[in-house]
Amino acid sequence: MKYTLVLFAVVLFAFGQPVRAQQNTKQILVQTDKVTLAFTVGKNQKLYQSYLGPKLSNAQDNGQLSGTKHEAYAPSGTDNLFEPAIRVLHNDGNPSLELKYAQHTAQQPEANVTQTAIHLKDPKYPVEVILHFSAYQKENIIKAWTEIKHQEKKPVVLGNFASAMLHFDAPNYWLSQFHGDWAGEMQLQEHQLTSGIKVIDSKLGTRAHKFQSPTFLLSLDKPAGENHGEVIAGTLAWSGNFQFAFELDEQNSLRVLAGMNPHASEYHLPANKPFVTPAFIFTYSQQGKGEASRSFHRWARNYGILDGNKPRLTLLNNWEATYFDFDQQKLVGLFDGAAQLGVDLFLLDDGWFGNKYPRNAANAGLGDWQENKTKLPSGIGYLVEEAEKKGVKFGIWLEPEMVNPKSELYEKHPDWILKLPNRDEHYQRNQLILDLTNPKVQDFIFKLVDDLLTKNPRLAYIKWDCNRTFTNAFSPNLKVQSHLPIDYVNSLYKTLARIRQKHPHLPIMLCSGGGGRVDYGALPYFTEFWPSDNTDGLERIFIQWGYSQFFPAVAMSGHVTSWGKQTVKFRTDVAMMGKLGYDIQVSEFSEQELQFSKQAVANYKRLSDVIWFGDQYRLVSPYEEKRAVLLYVNEAQSKAVLFSYNLQTRHRDRFTPVRLQGLNPQKQYLVQETNLMPETKSAYAANGKTYSGDYLMKVGIAVSPTTALTSAVFEITEKP
C-alpha cells in the first residue's frame with residue numbers, strides 16, 4: 001500500500017503527482033526521524049541546498065530553511081566556478097548545461113520509506129536531470145542517486161555524473177578515510193581538510209576497493225568521537241571505479257561530490273535512454289561516529305544486504321589445510337573436523353576443477369568449471385552426500401569472472417577476454433578478466449552457477465571470488481571503450497540479479513581477493529563478505545574495526561586460521577565478532593585446543609543473535625590505546641556480549657575500567673566471562689557479579705589485564 005505525504009505550508013502535492021514551480025511552492029524536504037535535507041527553489045528557478053542537519057522540533061521552523069547559496073547539483077560550463085556535479089557535451093558542440101527546477105514528486109511506497117524525485121531541465125536543450133532521494137525514517141539513512149536523459153538527435157557525451165552533491169558550512173572539517181592493500185584493508189586515517197580539492201578514488205575496474213574504500217566520515221568543526229560531535233558517514237553503492245571529491249572554497253564552504261569516477265569514462269548517452277548513477281548512501285549524526293555506524297548497521301540488515309535479518313552458517317574451509325593439494329579422500333577426511341567442531345558447513349575452496357589443464361596451481365584451469373576427474377572422480381554430488389553423512393552441509397568456491405590463458409575456455413573464446421590489441425597480455429595471479437559486457441559471457445556465468453546448483457540441488461553455499469583488477473583492458477564487444485568501467489559493473493549486477501531471481505536465498509560470500517569489493521552495490525546479491533585474506537587475529541582487529549564503521553557483524557566473515565602468533569583463543573574471540581568460520585587443519589589442534597574450539601562454536605551459536613542483530617558499541621579504539629573493546633546489545637537490552645583484546649601491551653601498561661553503553665540503567669545484569677580455555681577460571685573481578693545498567697555505564701568494569709595478546713569475552717544477561 002502507498003501512503004500520501006502532505007507537508008502543510010512547505011510542500012503540497014497530490015499522491016504521485018508532480019508539484020510544479022509556483023510562487024508558494026519553493027521548498028522541498030527530504031526527512032527521516034532525526035535528519036532533514038532541505039532544498040529551496042530560488043527566484044531564478046535554480047535548485048539550492050539550504051540545509052542538512054538535525055530535524056527541527058517545530059515543523060513550522062522548516063519554512064525558514066531558505067538559503068540560496070549552494071546550487072544543489074551544479075553543472076559545468078555556465079557560471080559554476082568549482083568542481084561540477086555534471087558535465088555534458090551537446091550535439092552542436094556546446095559544452096555547457098544549465099539546470100532549472102521543473103517539478104518534483106514525493107511518495108511513500110512503504111511506511112518507513114519516503115521517495116522524492118526533483119526534476120531539473122535545461123531551458124535551451126532537451127536535457128533533464130532527476131535527483132532521486134529515498135529517506136529511511138527509523139534508520140536515519142538517506143539514499144541519493146541521479147538520472148540523466150535527453151532528446152537530442154544524437155548521443156550526448158557525459159563527462160561528469162555525480163550521484164550526489166552535498167554542501168557544508170562549518171569552521172573546520174575533519175575527514176576520516178579508509179585505505180589499504182591486499183592483507184591490509186580498511187586502515188583508518190583522519191586529517192583536517194584544507195583549501196583546494198581532496199580526492200579519494202579508484203581506477204582499478206574490478207576489485208576496485210583494493211587501495212581505497214568507497215567510504216568516508218566527515219566531522220564538522222572538530223574531530224568527532226564515538227559518542228560526540230557532528231559527523232556525516234557516506235558510502236557509494238558501486239563495485240567499480242569511484243570518486244569522492246571534497247572541495248573547500250575561498251569562503252570556507254565545503255562541497256562533497258560522490259559518484260562513479262569520470263576518469264577515462266566519458267559516456268555517449270543515446271536519446272531517451274536514462275543514465276542512472278549508483279546510490280550515494282549517507283547519514284548525519286549529532287552523537288558521533290558510533291550512532292552513525294549503528295544507523296548504517298540497522299539499514300543494512302533491513303535493506304542493504306541479502307537476508308540481513310536471517311541466521312548465517314558457521315563453516316570450515318579447506319584452503320589453508322590443503323591449498324591445491326587434495327583429492328576426494330582427503331576432503332572426506334576433513335569433514336570429520338567440521339563435525340568435531342560442530343560447524344554447519346564445509347567449504348571446498350580453489351583447485352577442484354579443470355581436466356585438460358588441471359587446477360593444481362594458480363596458473364591453469366580457471367574458466368574450465370568441470371570437476372577434475374583425478375581429484376574428484378565421483379564428482380561434487382558425492383562430496384555433498386558424504387558431508388551430509390557427517391551432519392554438515394557442503395559449499396564450493398568459484399571465480400566466475402576470470403580465466404587463465406592456460407585453459408580450454410581461453411582457447412575456445414579468445415574474443416571473450418578483456419585485453420588490449422597490439423599489446424602483450426598482462427597477468428595478475430596468472431589470469432585475465434572475462435568481458436562481462438558481452439551477453440554471451442553473461443550467459444556463460446549464469447549457466448555455470450545455475451548448472452552447478454541444478455545438478456547439485458543440496459549445494460548449500462558459494463564463495464564468489466575476484467582476484468584481479470583491470471590492466472590493459474579493452475572490450476571487443478564495445479564500440480566506445482570509455483564505457484567499459486561502467487558497463488562492466490552494470491553487467492555484473494545484471495548477471496547477479498539473474499542468478500538471484502532463480503536462486504534467491506542461497507548463501508553466497510562476496511570475496512574479492514579479500515575486501516576488494518565490499519559495498520552496497522554488490523551486497524544486495526550476497527549474504528556476507530570476506531574482509532581480508534589477512535586472518536592474523538591482531539591485524540583483523542584493525543581491519544574489522546574499519547569495516548564496522550559501515551557494515552554490520554552479520555555480514556562480516558571472520559575465520560580462525562593459522563595466521564598470527566596469538567593463541568587459538570585470541571584468534572577465535574576475534575573471529576566471533578562477525579560470522580564465525582574456520583580455515584585450519586583441525587587434526588593439528590591439541591586436545592585442549594579442540595575442546596576449547598568445540599565449546600567456542602557452541603558458545604557462538606548461543607550468542608550469535610546478539611552479535612549479528614544487536615547494536616554495536618565501539619568502546620575503546622585500538623588506534624587510541626593498546627587495546628580494543630567492543631560491545632553488542634540486543635534490541636530488548638536484555639542481553640549483551642563484550643569483547644576485550646589486549647594488543648602489544650608492555651609490562652607497565654595499566655588500563656582504566658571500561659564504561660559500557662546501550663544498556664537499560666534500571667535493569668540488573670549478571671556479568672560472566674565465557675569462551676574460557678578448558679580447566680581455567682576467570683581472572684576478572686566482575687565475573688559472576690551483578691550490576692545495575694546504570695553502574696555499568698557510569699562506573700564500568702575492568703576488562704583489560706596487562707598481558708599482551710590476550711582476550712576475553714563476557715556474557716551480560718538481564719536478571720529477572
# chains A, B, ... in the order shown; residues from 1 in each chain; ligands from 1

call {"tool": "residues_around", "arguments": {"residues": "range 442-454 of chain A", "least_positions_apart": "5", "cutoff": "12 Å", "atoms": "only C-alpha atoms", "output": "PyMOL selection string"}}
result
chain A and resi 367-371+379-381+384+394-403+409+413+416+434-437+459-464+488-504+506+508

call {"tool": "write_last_selection", "arguments": {"atoms": "C-alpha atoms", "output": "short mmCIF file (atom, residue, chain, number, x, y, z; two decimals), in the first residue's frame"}}
result
data_model
loop_
_atom_site.label_atom_id
_atom_site.label_comp_id
_atom_site.auth_asym_id
_atom_site.auth_seq_id
_atom_site.Cartn_x
_atom_site.Cartn_y
_atom_site.Cartn_z
CA GLY A 367 37.38 -20.94 -16.53
CA ASP A 368 37.04 -24.72 -17.05
CA TRP A 369 34.37 -25.43 -14.46
CA GLN A 370 34.11 -29.20 -14.64
CA GLU A 371 35.15 -31.43 -11.73
CA GLY A 379 32.01 -35.51 -8.53
CA ILE A 380 30.62 -32.74 -6.34
CA GLY A 381 27.42 -34.67 -5.62
CA VAL A 384 27.68 -33.23 -0.77
CA PHE A 394 28.66 -28.53 1.63
CA GLY A 395 29.69 -25.36 -0.22
CA ILE A 396 32.08 -24.51 -3.03
CA TRP A 397 34.44 -21.77 -4.33
CA LEU A 398 34.03 -20.07 -7.71
CA GLU A 399 35.77 -17.26 -9.55
CA PRO A 400 33.36 -16.88 -12.47
CA GLU A 401 34.63 -13.58 -13.92
CA MET A 402 38.20 -14.75 -14.50
CA VAL A 403 40.17 -17.04 -16.82
CA LEU A 409 37.85 -21.53 -22.24
CA HIS A 413 36.81 -17.97 -26.84
CA TRP A 416 35.65 -13.17 -24.57
CA LEU A 434 36.23 -12.15 -18.96
CA ASP A 435 34.36 -9.44 -20.85
CA LEU A 436 31.12 -9.23 -18.92
CA THR A 437 29.76 -6.56 -21.27
CA LEU A 459 24.78 -27.47 -2.50
CA ALA A 460 24.39 -25.01 0.37
CA TYR A 461 26.90 -22.20 -0.14
CA ILE A 462 29.09 -20.43 -2.71
CA LYS A 463 32.20 -18.35 -2.18
CA TRP A 464 32.39 -15.93 -5.14
CA TYR A 488 31.29 -3.97 -16.78
CA VAL A 489 29.88 -3.31 -13.31
CA ASN A 490 26.32 -2.92 -14.57
CA SER A 491 26.72 -6.19 -16.49
CA LEU A 492 27.94 -7.88 -13.32
CA TYR A 493 24.87 -6.66 -11.44
CA LYS A 494 22.63 -7.83 -14.28
CA THR A 495 24.18 -11.30 -14.09
CA LEU A 496 23.92 -11.46 -10.30
CA ALA A 497 20.28 -10.35 -10.46
CA ARG A 498 19.57 -13.13 -12.92
CA ILE A 499 21.18 -15.68 -10.62
CA ARG A 500 19.25 -14.35 -7.63
CA GLN A 501 15.96 -14.47 -9.50
CA LYS A 502 16.34 -18.24 -9.79
CA HIS A 503 18.25 -18.87 -6.54
CA PRO A 504 17.03 -16.08 -4.28
CA LEU A 506 21.40 -19.31 -1.39
CA ILE A 508 26.96 -16.55 -1.17
#

call {"tool": "select_by_dssp", "arguments": {"residues": "range 241-433 of chain A", "states": "helix (DSSP H, G or I)", "output": "PyMOL selection string"}}
result
chain A and resi 288-304+319-322+328-341+379-389+408-412+414-416

call {"tool": "atom_distance", "arguments": {"atom1": "CA of Ile716 in chain A", "atom2": "CA of Asp536 in chain A"}}
result
27.3 Å

call {"tool": "residues_around", "arguments": {"residues": "range 663-668 of chain A", "least_positions_apart": "5", "cutoff": "9 Å", "atoms": "only C-alpha atoms", "output": "JSON, numbers by chain"}}
result
{"A": [633, 637, 638, 639, 640, 690, 691, 692, 693, 694, 695, 696, 697, 717, 718, 719, 720]}

call {"tool": "write_last_selection", "arguments": {"atoms": "C-alpha atoms", "output": "mmCIF file, in the first residue's frame"}}
result
data_model
loop_
_atom_site.group_PDB
_atom_site.id
_atom_site.type_symbol
_atom_site.label_atom_id
_atom_site.label_comp_id
_atom_site.auth_asym_id
_atom_site.auth_seq_id
_atom_site.Cartn_x
_atom_site.Cartn_y
_atom_site.Cartn_z
ATOM 1 C CA VAL A 633 23.482 -5.226 22.860
ATOM 2 C CA GLN A 637 18.504 -4.592 26.260
ATOM 3 C CA SER A 638 18.280 -7.970 27.955
ATOM 4 C CA LYS A 639 21.478 -9.475 26.593
ATOM 5 C CA ALA A 640 24.913 -8.145 25.670
ATOM 6 C CA THR A 690 25.518 -8.448 39.255
ATOM 7 C CA TYR A 691 25.464 -4.738 38.479
ATOM 8 C CA SER A 692 22.824 -2.237 37.501
ATOM 9 C CA GLY A 693 22.914 -0.961 33.960
ATOM 10 C CA ASP A 694 23.424 2.470 35.461
ATOM 11 C CA TYR A 695 26.583 1.330 37.277
ATOM 12 C CA LEU A 696 27.981 -0.459 34.230
ATOM 13 C CA MET A 697 27.512 2.646 32.087
ATOM 14 C CA THR A 717 22.461 -11.042 30.953
ATOM 15 C CA GLU A 718 19.477 -9.296 32.490
ATOM 16 C CA LYS A 719 18.481 -10.759 35.842
ATOM 17 C CA PRO A 720 14.740 -11.115 36.483
#

call {"tool": "select_by_dssp", "arguments": {"residues": "range 507-561 of chain A", "states": "strand (DSSP E or B)", "output": "PyMOL selection string"}}
result
chain A and resi 508-510+512+515+528-529+556-561

call {"tool": "write_last_selection", "arguments": {"atoms": "N, CA and C atoms", "output": "JSON list (two decimals), in the first residue's frame"}}
result
[["chain", "number", "residue", "atom", "x", "y", "z"],
["A", 508, "ILE", "N", 25.79, -16.77, -0.32],
["A", 508, "ILE", "CA", 26.96, -16.55, -1.17],
["A", 508, "ILE", "C", 27.84, -15.50, -0.51],
["A", 509, "MET", "N", 29.13, -15.84, -0.35],
["A", 509, "MET", "CA", 30.10, -14.91, 0.21],
["A", 509, "MET", "C", 30.67, -14.04, -0.91],
["A", 510, "LEU", "N", 30.70, -12.75, -0.67],
["A", 510, "LEU", "CA", 31.32, -11.78, -1.58],
["A", 510, "LEU", "C", 32.80, -11.68, -1.22],
["A", 512, "SER", "N", 36.76, -10.79, -2.83],
["A", 512, "SER", "CA", 37.47, -10.17, -3.95],
["A", 512, "SER", "C", 38.95, -10.04, -3.56],
["A", 515, "GLY", "N", 38.97, -7.88, 0.67],
["A", 515, "GLY", "CA", 37.90, -6.89, 0.70],
["A", 515, "GLY", "C", 37.90, -5.94, -0.47],
["A", 528, "GLU", "N", 27.05, -12.21, 2.79],
["A", 528, "GLU", "CA", 28.19, -11.85, 3.65],
["A", 528, "GLU", "C", 29.37, -11.46, 2.78],
["A", 529, "PHE", "N", 30.42, -10.93, 3.39],
["A", 529, "PHE", "CA", 31.62, -10.59, 2.64],
["A", 529, "PHE", "C", 32.87, -11.04, 3.39],
["A", 556, "MET", "N", 29.96, -9.83, 8.09],
["A", 556, "MET", "CA", 31.41, -9.79, 8.12],
["A", 556, "MET", "C", 31.99, -11.15, 8.52],
["A", 557, "SER", "N", 32.58, -11.86, 7.57],
["A", 557, "SER", "CA", 33.11, -13.20, 7.84],
["A", 557, "SER", "C", 34.46, -13.11, 8.54],
["A", 558, "GLY", "N", 34.59, -13.85, 9.64],
["A", 558, "GLY", "CA", 35.85, -13.93, 10.36],
["A", 558, "GLY", "C", 36.23, -15.39, 10.58],
["A", 559, "HIS", "N", 37.42, -15.77, 10.14],
["A", 559, "HIS", "CA", 37.84, -17.18, 10.24],
["A", 559, "HIS", "C", 39.02, -17.35, 11.18],
["A", 560, "VAL", "N", 39.01, -18.44, 11.88],
["A", 560, "VAL", "CA", 40.13, -18.85, 12.72],
["A", 560, "VAL", "C", 41.09, -19.63, 11.83],
["A", 561, "THR", "N", 42.34, -19.15, 11.71],
["A", 561, "THR", "CA", 43.32, -19.79, 10.85],
["A", 561, "THR", "C", 44.65, -19.91, 11.60]]

call {"tool": "closest_residue", "arguments": {"among": "A:Glu625, A:Glu71, A:Asp583, A:Asp415", "to": "Leu316 in chain A", "atoms": "only C-alpha atoms"}}
result
A:Asp583

call {"tool": "residues_around", "arguments": {"residues": "Ala271 in chain A", "least_positions_apart": "4", "cutoff": "8 Å", "atoms": "only C-alpha atoms", "output": "list in words"}}
result
Lys149, His150, Gln151, Glu152, Lys153, Lys154, Pro155 and Val156 of chain A

call {"tool": "write_last_selection", "arguments": {"atoms": "C-alpha atoms", "output": "compact mmCIF listing (two decimals), in the first residue's frame"}}
result
# COMPACT_ATOMS: atom_id res chain seq x y z
CA LYS A 149 18.23 11.72 -20.01
CA HIS A 150 17.82 13.80 -23.15
CA GLN A 151 16.04 14.04 -26.51
CA GLU A 152 18.78 15.38 -28.74
CA LYS A 153 19.13 13.74 -32.17
CA LYS A 154 22.48 12.09 -31.47
CA PRO A 155 24.11 10.83 -28.27
CA VAL A 156 25.33 13.48 -25.86

call {"tool": "closest_residue", "arguments": {"among": "A:Gly240, A:Ile701, A:Val41, A:Gln177", "to": "Lys689 in chain A", "atoms": "only C-alpha atoms"}}
result
A:Ile701

call {"tool": "closest_residue", "arguments": {"among": "A:Asn94, A:Ser76, A:Thr527, A:Ser176", "to": "Ala300 in chain A", "atoms": "only C-alpha atoms"}}
result
A:Thr527

call {"tool": "residues_around", "arguments": {"residues": "range 680-684 of chain A", "least_positions_apart": "4", "cutoff": "7 Å", "atoms": "only C-alpha atoms", "output": "number ranges by chain"}}
result
A: 673, 676, 703

call {"tool": "residues_around", "arguments": {"residues": "range 357-360 of chain A", "least_positions_apart": "2", "cutoff": "8 Å", "atoms": "only C-alpha atoms", "output": "list of chain:residue names"}}
result
A:Phe324, A:Asp325, A:Gly351, A:Trp352, A:Phe353, A:Gly354, A:Asn355, A:Ala362, A:Asn363, A:Ala364, A:Gly365, A:Leu366, A:Asn372, A:Lys406, A:Ser407, A:Glu408

call {"tool": "write_last_selection", "arguments": {"atoms": "N, CA and C atoms", "output": "PDB file, in the first residue's frame"}}
result
ATOM      1  N   PHE A 324      46.062 -26.389  -3.015  1.00  0.00           N
ATOM      2  CA  PHE A 324      45.599 -27.124  -4.202  1.00  0.00           C
ATOM      3  C   PHE A 324      45.800 -28.640  -4.077  1.00  0.00           C
ATOM      4  N   ASP A 325      46.466 -29.067  -3.036  1.00  0.00           N
ATOM      5  CA  ASP A 325      46.879 -30.459  -2.900  1.00  0.00           C
ATOM      6  C   ASP A 325      45.836 -31.271  -2.141  1.00  0.00           C
ATOM      7  N   GLY A 351      40.743 -25.123  -6.665  1.00  0.00           N
ATOM      8  CA  GLY A 351      41.532 -26.286  -7.046  1.00  0.00           C
ATOM      9  C   GLY A 351      40.751 -27.529  -7.404  1.00  0.00           C
ATOM     10  N   TRP A 352      39.432 -27.465  -7.490  1.00  0.00           N
ATOM     11  CA  TRP A 352      38.612 -28.664  -7.683  1.00  0.00           C
ATOM     12  C   TRP A 352      38.252 -28.939  -9.145  1.00  0.00           C
ATOM     13  N   PHE A 353      38.685 -28.114 -10.080  1.00  0.00           N
ATOM     14  CA  PHE A 353      38.162 -28.147 -11.451  1.00  0.00           C
ATOM     15  C   PHE A 353      39.293 -28.255 -12.477  1.00  0.00           C
ATOM     16  N   GLY A 354      38.888 -28.418 -13.762  1.00  0.00           N
ATOM     17  CA  GLY A 354      39.830 -28.456 -14.869  1.00  0.00           C
ATOM     18  C   GLY A 354      40.353 -29.845 -15.144  1.00  0.00           C
ATOM     19  N   ASN A 355      40.311 -30.284 -16.428  1.00  0.00           N
ATOM     20  CA  ASN A 355      40.819 -31.612 -16.801  1.00  0.00           C
ATOM     21  C   ASN A 355      41.934 -31.546 -17.835  1.00  0.00           C
ATOM     22  N   ALA A 362      47.822 -21.888  -9.446  1.00  0.00           N
ATOM     23  CA  ALA A 362      47.044 -20.716  -9.864  1.00  0.00           C
ATOM     24  C   ALA A 362      47.247 -20.367 -11.327  1.00  0.00           C
ATOM     25  N   ASN A 363      48.059 -21.139 -12.080  1.00  0.00           N
ATOM     26  CA  ASN A 363      48.387 -20.764 -13.449  1.00  0.00           C
ATOM     27  C   ASN A 363      47.587 -21.503 -14.507  1.00  0.00           C
ATOM     28  N   ALA A 364      46.618 -22.335 -14.120  1.00  0.00           N
ATOM     29  CA  ALA A 364      45.914 -23.137 -15.120  1.00  0.00           C
ATOM     30  C   ALA A 364      44.505 -23.480 -14.653  1.00  0.00           C
ATOM     31  N   GLY A 365      43.634 -23.713 -15.645  1.00  0.00           N
ATOM     32  CA  GLY A 365      42.324 -24.286 -15.372  1.00  0.00           C
ATOM     33  C   GLY A 365      41.210 -23.315 -15.086  1.00  0.00           C
ATOM     34  N   LEU A 366      41.541 -22.075 -14.715  1.00  0.00           N
ATOM     35  CA  LEU A 366      40.482 -21.136 -14.346  1.00  0.00           C
ATOM     36  C   LEU A 366      39.615 -20.845 -15.561  1.00  0.00           C
ATOM     37  N   ASN A 372      37.506 -31.935 -11.637  1.00  0.00           N
ATOM     38  CA  ASN A 372      38.727 -32.623 -12.029  1.00  0.00           C
ATOM     39  C   ASN A 372      38.553 -34.112 -11.752  1.00  0.00           C
ATOM     40  N   LYS A 406      45.966 -20.469 -19.777  1.00  0.00           N
ATOM     41  CA  LYS A 406      46.129 -21.920 -19.907  1.00  0.00           C
ATOM     42  C   LYS A 406      44.817 -22.584 -19.501  1.00  0.00           C
ATOM     43  N   SER A 407      43.844 -22.545 -20.418  1.00  0.00           N
ATOM     44  CA  SER A 407      42.521 -23.107 -20.150  1.00  0.00           C
ATOM     45  C   SER A 407      41.822 -23.382 -21.470  1.00  0.00           C
ATOM     46  N   GLU A 408      40.886 -24.297 -21.447  1.00  0.00           N
ATOM     47  CA  GLU A 408      40.073 -24.571 -22.629  1.00  0.00           C
ATOM     48  C   GLU A 408      39.199 -23.375 -22.982  1.00  0.00           C
TER      49      GLU A 408
END

call {"tool": "residues_around", "arguments": {"residues": "Glu128 in chain A", "least_positions_apart": "6", "cutoff": "12 Å", "atoms": "only C-alpha atoms", "output": "PyMOL selection string"}}
result
chain A and resi 86+88+97-103+118-122+146-152+271-275

call {"tool": "closest_residue", "arguments": {"among": "A:Ala473, A:Leu193, A:Ala164, A:Leu47", "to": "Gly234 in chain A", "atoms": "only C-alpha atoms"}}
result
A:Ala164

call {"tool": "closest_residue", "arguments": {"among": "A:Trp545, A:Ala117, A:Glu591, A:Leu269", "to": "Asn91 in chain A", "atoms": "only C-alpha atoms"}}
result
A:Leu269

call {"tool": "atom_distance", "arguments": {"atom1": "CA of Met677 in chain A", "atom2": "CA of Asp344 in chain A"}}
result
22.4 Å

call {"tool": "atom_distance", "arguments": {"atom1": "CA of Thr471 in chain A", "atom2": "CA of Lys203 in chain A"}}
result
9.9 Å
